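J.: File upload27.txt below, compact mmCIF, C-alpha atoms:
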# COMPACT_ATOMS: atom_id res chain seq x y z
CA MET B 1 58.08 -153.66 -130.85
CA GLU B 2 59.15 -152.75 -127.31
CA GLY B 3 59.23 -154.76 -124.08
CA LEU B 4 60.64 -157.83 -125.77
CA THR B 5 63.91 -157.92 -123.80
CA GLU B 6 62.99 -160.84 -121.54
CA MET B 7 61.38 -162.88 -124.30
CA LEU B 8 64.27 -162.34 -126.67
CA LYS B 9 66.97 -163.39 -124.23
CA GLY B 10 67.52 -166.90 -125.50
CA VAL B 11 66.61 -166.10 -129.08
CA LEU B 12 68.93 -163.22 -129.94
CA GLU B 13 71.99 -165.44 -130.08
CA GLY B 14 70.32 -167.43 -132.86
CA CYS B 15 69.31 -164.20 -134.64
CA VAL B 16 72.91 -163.00 -134.58
CA LEU B 17 74.22 -166.37 -135.82
CA GLU B 18 71.70 -166.27 -138.68
CA ILE B 19 72.70 -162.71 -139.65
CA ILE B 20 76.41 -163.60 -139.60
CA SER B 21 75.72 -166.70 -141.71
CA ARG B 22 74.62 -164.41 -144.58
CA GLY B 23 78.14 -162.97 -144.87
CA ALA B 24 80.92 -161.26 -142.89
CA THR B 25 79.56 -158.41 -140.79
CA TYR B 26 80.34 -156.29 -137.71
CA GLY B 27 78.58 -155.33 -134.48
CA TYR B 28 76.97 -152.04 -135.48
CA GLU B 29 75.62 -153.50 -138.73
CA ILE B 30 74.11 -156.47 -136.87
CA THR B 31 72.42 -154.12 -134.37
CA ARG B 32 70.93 -152.04 -137.20
CA ARG B 33 69.71 -155.19 -138.94
CA LEU B 34 67.98 -156.34 -135.72
CA ASN B 35 66.46 -152.87 -135.23
CA ALA B 36 65.17 -152.83 -138.82
CA LEU B 37 63.65 -156.26 -138.19
CA GLY B 38 61.55 -154.68 -135.44
CA PHE B 39 63.65 -155.52 -132.40
CA THR B 40 63.95 -151.86 -131.51
CA ASP B 41 65.15 -152.40 -127.93
CA VAL B 42 68.37 -154.02 -129.08
CA VAL B 43 71.39 -151.74 -128.58
CA ASP B 44 75.04 -152.18 -129.59
CA GLY B 45 75.89 -153.37 -126.09
CA THR B 46 73.43 -156.26 -126.46
CA THR B 47 74.94 -157.35 -129.76
CA TYR B 48 78.41 -156.84 -128.33
CA THR B 49 77.91 -159.25 -125.40
CA ILE B 50 76.42 -161.85 -127.73
CA LEU B 51 79.38 -161.57 -130.12
CA LEU B 52 81.75 -161.86 -127.16
CA ARG B 53 80.07 -165.11 -126.15
CA LEU B 54 79.97 -166.52 -129.69
CA GLU B 55 83.67 -165.82 -130.01
CA LYS B 56 84.46 -167.36 -126.63
CA ASN B 57 82.48 -170.48 -127.57
CA GLY B 58 84.42 -170.80 -130.83
CA LEU B 59 81.39 -170.39 -133.12
CA VAL B 60 82.74 -167.47 -135.15
CA ASP B 61 86.00 -166.40 -136.80
CA THR B 62 87.05 -162.77 -136.57
CA CYS B 63 89.27 -160.44 -138.54
CA LYS B 64 89.99 -156.73 -138.16
CA GLN B 65 89.56 -154.32 -141.04
CA PRO B 66 90.24 -150.59 -141.08
CA SER B 67 87.20 -148.29 -141.00
CA GLU B 68 86.84 -144.67 -142.17
CA LEU B 69 85.74 -143.70 -138.69
CA GLY B 70 87.61 -144.61 -135.51
CA PRO B 71 89.44 -147.83 -134.68
CA PRO B 72 89.56 -150.88 -136.98
CA ARG B 73 86.33 -152.88 -137.13
CA LYS B 74 86.07 -156.50 -136.08
CA PHE B 75 84.32 -158.58 -138.74
CA PHE B 76 82.65 -161.87 -137.87
CA THR B 77 82.13 -164.95 -140.02
CA LEU B 78 80.54 -168.28 -139.09
CA ASN B 79 82.81 -171.33 -138.85
CA ASP B 80 81.74 -175.00 -139.00
CA ALA B 81 80.91 -175.15 -135.30
CA GLY B 82 78.82 -171.98 -135.73
CA ARG B 83 76.91 -173.44 -138.67
CA GLU B 84 76.14 -176.57 -136.64
CA GLU B 85 74.97 -174.44 -133.72
CA LEU B 86 72.75 -172.43 -136.07
CA CYS B 87 71.10 -175.66 -137.29
CA ARG B 88 70.51 -176.73 -133.69
CA PHE B 89 69.09 -173.29 -132.91
CA TRP B 90 66.53 -173.49 -135.72
CA ALA B 91 65.55 -177.01 -134.64
CA ARG B 92 64.96 -175.77 -131.07
CA TRP B 93 63.06 -172.78 -132.41
CA GLU B 94 60.82 -174.97 -134.60
CA PHE B 95 60.03 -177.08 -131.57
CA VAL B 96 59.14 -174.09 -129.36
CA ALA B 97 57.13 -172.38 -132.11
CA SER B 98 55.13 -175.51 -132.94
CA LYS B 99 54.40 -176.20 -129.27
CA MET B 100 53.28 -172.60 -128.69
CA ASN B 101 50.89 -172.82 -131.63
CA GLN B 102 49.65 -176.18 -130.44
CA LEU B 103 48.93 -174.73 -127.01
CA ARG B 104 47.04 -171.78 -128.42
CA GLU B 105 44.97 -173.78 -130.87
CA GLU B 106 44.16 -176.69 -128.58
CA GLN B 107 40.40 -177.16 -128.11
CA PRO B 108 39.40 -176.40 -124.54
CA HIS B 109 38.35 -179.58 -122.69
CA VAL B 110 34.61 -179.59 -122.07
CA MET O 1 104.65 -173.06 -111.81
CA SER O 2 100.91 -173.40 -111.30
CA GLU O 3 98.67 -170.71 -112.74
CA PHE O 4 97.73 -169.62 -109.24
CA PHE O 5 101.31 -168.83 -108.20
CA ASP O 6 102.01 -167.39 -111.61
CA ASN O 7 99.15 -164.91 -111.19
CA TYR O 8 100.00 -163.86 -107.66
CA LEU O 9 103.76 -164.21 -107.26
CA ASN O 10 105.34 -163.75 -110.68
CA ILE O 11 106.70 -160.20 -110.38
CA ARG O 12 107.39 -159.89 -114.09
CA LYS O 13 103.83 -160.89 -114.96
CA ILE O 14 102.41 -158.49 -112.37
CA ARG O 15 104.58 -155.63 -113.68
CA ALA O 16 103.61 -156.34 -117.30
CA SER O 17 99.97 -156.47 -116.28
CA LYS O 18 100.26 -153.13 -114.45
CA ARG O 19 101.91 -151.55 -117.48
CA GLU O 20 99.19 -152.91 -119.74
CA TYR O 21 96.52 -151.60 -117.36
CA LYS O 22 98.01 -148.09 -117.43
CA GLN O 23 98.15 -148.11 -121.24
CA HIS O 24 94.51 -149.09 -121.46
CA MET O 25 93.41 -146.55 -118.88
CA ALA O 26 95.16 -143.85 -120.92
CA ARG O 27 92.83 -144.81 -123.78
CA VAL O 28 89.88 -144.40 -121.42
CA GLU O 29 91.09 -140.91 -120.48
CA ALA O 30 90.98 -140.02 -124.20
CA LEU O 31 87.25 -140.85 -124.42
CA PRO O 32 84.52 -138.19 -124.12
CA GLU O 33 83.57 -137.45 -120.52
CA ASP O 34 80.24 -139.36 -120.54
CA TYR O 35 81.98 -142.43 -121.88
CA GLN O 36 84.67 -142.17 -119.22
CA TYR O 37 82.10 -141.88 -116.47
CA VAL O 38 80.10 -144.88 -117.67
CA PHE O 39 83.24 -146.95 -118.25
CA LYS O 40 84.50 -146.34 -114.71
CA LYS O 41 81.08 -147.07 -113.23
CA ILE O 42 80.87 -150.35 -115.14
CA GLN O 43 84.41 -151.27 -114.15
CA HIS O 44 83.71 -150.58 -110.48
CA HIS O 45 80.41 -152.46 -110.53
CA MET O 46 81.87 -155.53 -112.21
CA TRP O 47 84.88 -155.78 -109.89
CA MET O 48 82.51 -156.39 -107.00
CA PHE O 49 81.69 -159.78 -108.53
CA ALA O 50 85.23 -160.84 -109.46
CA ALA O 51 86.55 -164.24 -108.44
CA GLY O 52 90.08 -165.59 -108.80
CA SER O 53 92.90 -163.48 -110.21
CA GLY O 54 90.59 -161.13 -112.12
CA TYR O 55 92.69 -161.26 -115.29
CA ASP O 56 89.63 -162.36 -117.25
CA MET O 57 87.69 -159.37 -115.89
CA MET O 58 90.47 -157.05 -117.05
CA GLU O 59 90.37 -158.54 -120.56
CA ILE O 60 86.63 -157.83 -120.72
CA HIS O 61 87.22 -154.23 -119.69
CA TYR O 62 90.01 -153.81 -122.25
CA SER O 63 87.82 -154.97 -125.11
CA LEU O 64 85.01 -152.79 -123.80
CA ILE O 65 87.29 -149.78 -124.42
CA GLU O 66 87.28 -150.73 -128.09
CA LEU O 67 83.48 -150.75 -128.23
CA PHE O 68 83.42 -147.34 -126.57
CA GLU O 69 86.07 -145.96 -128.91
CA GLU O 70 84.01 -147.02 -131.90
CA GLY O 71 80.86 -145.42 -130.49
CA ALA O 72 82.68 -142.21 -129.57
CA ALA O 73 84.30 -142.00 -133.02
CA GLU O 74 80.84 -142.13 -134.56
CA GLY O 75 79.73 -139.35 -132.21
CA ARG O 76 76.99 -141.42 -130.63
CA PRO O 77 75.86 -140.94 -127.02
CA VAL O 78 77.20 -143.60 -124.64
CA LEU O 79 73.75 -144.78 -123.50
CA GLN O 80 72.89 -145.60 -127.09
CA ILE O 81 75.74 -148.11 -126.90
CA THR O 82 75.04 -149.64 -123.49
CA GLY O 83 71.30 -149.10 -123.37
CA GLU O 84 69.77 -147.33 -120.37
CA ASP O 85 69.81 -150.51 -118.34
CA VAL O 86 73.56 -150.47 -117.82
CA ALA O 87 73.26 -153.03 -115.01
CA ALA O 88 71.71 -155.53 -117.44
CA PHE O 89 74.59 -154.85 -119.82
CA CYS O 90 77.02 -155.60 -116.97
CA ASP O 91 75.20 -158.84 -116.17
CA GLU O 92 75.73 -160.00 -119.73
CA LEU O 93 79.40 -159.01 -119.64
CA LEU O 94 79.82 -160.84 -116.33
CA ARG O 95 78.66 -164.08 -117.97
CA ASN O 96 82.07 -164.14 -119.65
CA ALA O 97 84.08 -163.78 -116.43
CA LYS O 98 84.69 -165.81 -113.31
CA THR O 99 82.43 -164.48 -110.57
CA TYR O 100 82.03 -165.42 -106.93
CA THR O 101 78.27 -165.66 -107.35
CA ALA O 102 78.80 -168.31 -110.04
CA ASP O 103 81.15 -170.12 -107.64
CA TRP O 104 78.42 -170.16 -104.99
CA ARG O 105 75.86 -171.45 -107.45
CA GLU O 106 78.15 -174.29 -108.44
CA LYS O 107 78.85 -175.09 -104.80
CA LEU O 108 75.12 -175.19 -103.97
CA ASN O 109 74.41 -177.69 -106.73
CA ARG O 110 77.51 -179.74 -106.00
CA ASP O 111 76.78 -179.97 -102.26
CA ILE O 112 73.18 -180.99 -102.82
CA LEU O 113 73.99 -183.47 -105.56
CA SER O 114 76.70 -185.21 -103.57
CA HIS O 115 74.46 -185.32 -100.47
CA ILE O 116 71.45 -186.68 -102.36
CA SER O 117 73.45 -189.22 -104.31
CA THR O 118 75.11 -190.57 -101.13
CA GLU O 119 71.66 -190.65 -99.51
CA ASP O 120 70.39 -192.57 -102.53
CA GLY O 121 73.38 -194.85 -102.23
CA ARG O 122 72.58 -195.56 -98.58
CA ALA O 123 68.87 -196.03 -99.29
CA SER O 124 69.49 -198.49 -102.09
CA ALA O 125 72.05 -200.32 -99.95
CA ARG O 126 69.41 -200.70 -97.19
CA LYS O 127 66.88 -201.93 -99.75
CA GLU O 128 69.32 -204.48 -101.09
CA ALA O 129 70.08 -205.65 -97.56
CA ARG O 130 66.34 -206.20 -96.93
CA ASN O 131 65.95 -208.14 -100.16
CA ASP O 132 68.75 -210.53 -99.26
Can the structure in the file be given as C-alpha cells, please?
T.:
Amino acid sequence: MEGLTEMLKGVLEGCVLEIISRGATYGYEITRRLNALGFTDVVDGTTYTILLRLEKNGLVDTCKQPSELGPPRKFFTLNDAGREELCRFWARWEFVASKMNQLREEQPHV
Amino acid sequence: MSEFFDNYLNIRKIRASKREYKQHMARVEALPEDYQYVFKKIQHHMWMFAAGSGYDMMEIHYSLIELFEEGAAEGRPVLQITGEDVAAFCDELLRNAKTYTADWREKLNRDILSHISTEDGRASARKEARND
C-alpha cells in the first residue's frame, strides 16, 4: 500500500525491532522484509536512519561480516534494552489499536 | 581541556580530522556519478542546520558513505536507496545530529517554562499572602 509514510512514522521503529528480534539481520534484508509485508514505500534510507537511531539509543548490538558484494555488511541483533523497548512498543501499539477500534465501533449518540 | 577548546583549538585534533575528511571524500569520489551528486547535495543541505563543532554531522556523513558504497556495489540506482524525497531522508538523518533548529526549540520551551513557573510561583505567593 502507498501513501503510508506519515502514518508509519512512529510505527516503523517497532517493526524494525520486531524483525531484528527474529534473528541477526542487515539493512537491505529488513527493507525487503518490510516491502514484502506491504510497506512498499519503505526504502533502504528509511531503514538506515531507523537503524542509526536504534544503535545510538543502545537498543541493538552490531557486528560486521564480509559480503560477496561490496563492503562488509553490518548485522544487527537485539540486546536486553532492545527487547524491553520492543515489549513497550507492542503495549503502546495494543493501546492505540484497541482505541482506534473502539472509536470506529462506538454507537453514535442519538 | 574542555571539549569546546579541544574541538576548536587542538591543532593535532583538527589536523587528524582534516586527514580523515580527505580519506572519506576520496571514497566518495570512487562512487558512481549519481551517488556522488546526491551525496554532496545531502552533505551541503545538512551542514546548513549544523550546531556546535559539527563533528557529529561529519560522523553521519562518513557512515552514509558506507550505505552508498553498498548500494553502488549492488548496482542499484541512488534514489532507490534514499527514496525520491531526499529532503525527508535528510530530516531523519538530522535527528541524530546537533542542529541549531533543535537548539531554538529547546530554548523556546525553556524560556516559556521558566517564565510560567516563576509566574506561578508569584501567583501562589500572592494567594498565600491573602490567606494569611
J.: Taking all atoms listed in the file into account, which of O:Gly52, O:Ile60, O:Thr99, O:Asn109 comes nearest O:Phe5?
T.: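 Under the stated criterion, the closest residue is O:Gly52.
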J.: Wanna dump the chain O-chain B contacts at 6 Å for me, each residue with its shortest atom pair and the distance in Å to one decimal, counting only C-alpha atoms, ordered by chain and number, as a tab-separated table?
T.:
residue	atom	partner	partner_atom	distance
O:Glu70	CA	B:Gly70	CA	5.6
O:Ala73	CA	B:Gly70	CA	4.9
O:Ile81	CA	B:Asp44	CA	4.9
O:Thr82	CA	B:Gly45	CA	4.6
O:Gly83	CA	B:Val43	CA	5.8
O:Leu93	CA	B:Thr49	CA	6.0
J.: What lies within 9 Å of B:Leu4 using all atoms listed in the file, ignoring chain neighbours under 2 positions off, as a PyMOL selection string?
T.: chain B and resi 1-2+6-9+39-41
J.: Please, could you write that set of residues out with C-alpha atoms as an mmCIF file, in the frame of the given file?
T.:
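Okay, this is what ended up in part-v7.cif:
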data_model
loop_
_atom_site.group_PDB
_atom_site.id
_atom_site.type_symbol
_atom_site.label_atom_id
_atom_site.label_comp_id
_atom_site.auth_asym_id
_atom_site.auth_seq_id
_atom_site.Cartn_x
_atom_site.Cartn_y
_atom_site.Cartn_z
ATOM 1 C CA MET B 1 58.080 -153.660 -130.850
ATOM 2 C CA GLU B 2 59.150 -152.750 -127.310
ATOM 3 C CA GLU B 6 62.990 -160.840 -121.540
ATOM 4 C CA MET B 7 61.380 -162.880 -124.300
ATOM 5 C CA LEU B 8 64.270 -162.340 -126.670
ATOM 6 C CA LYS B 9 66.970 -163.390 -124.230
ATOM 7 C CA PHE B 39 63.650 -155.520 -132.400
ATOM 8 C CA THR B 40 63.950 -151.860 -131.510
ATOM 9 C CA ASP B 41 65.150 -152.400 -127.930
#
J.: Tell me, in Å to one decimal, how far atom CA of B:Phe76 is from atom CA of B:Ala24.
T.: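 Spanning atom CA of B:Phe76 to atom CA of B:Ala24 is a straight-line distance of 5.3 Å.
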J.: As an exercise, work out the distance from atom CA of B:Leu103 to atom CA of B:Ala91 in Å and give it to one decimal place.
T.: 18.4 Å
J.: So which one's closest to B:Cys15, B:Ala81, B:Leu86, B:Cys63, B:Val96? Using all atoms listed in the file, please.
T.: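 Residue with the minimum atom-to-atom distance to B:Cys15: B:Leu86.
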J.: I'd like the interatomic distance between atom CA of O:Ala51 and atom CA of O:Trp104, to a tenth of an Å.
T.: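 Between these atoms lies a distance of 10.6 Å.
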J.: Need the axis-aligned box for stretch 8-18 of chain O with 5 Å each side, so what are the centre and edges in Å to one decimal, as JSON?
T.:
{"center_x": 103.7, "center_y": -158.7, "center_z": -112.3, "size_x": 17.4, "size_y": 21.1, "size_z": 20.0}
J.: For B:Leu59, please output as a count of residues only all residues within 9 Å (counting all atoms listed in the file; exclusion window: fewer than 6 positions along the same chain).
T.: 11
J.: Ranking O:Arg27, O:Leu9, O:Phe49, O:Ala102 by minimum distance to O:Leu67 and counting only C-alpha atoms, which one comes first?
T.: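 The answer is O:Arg27, which sits nearest to O:Leu67.
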J.: Using only C-alpha atoms, which residue out of O:Met48, O:Ile65, O:Ile116, O:Val86 lies closest to O:Ala26?
T.: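 Under the stated criterion, the closest residue is O:Ile65.
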J.: Quick one: residues within 10 Å of O:Gln36, all atoms listed in the file, excluding same-chain residues fewer than 4 positions away - as a PyMOL selection string?
T.: chain O and resi 25+27-32+40-42+65+68+78
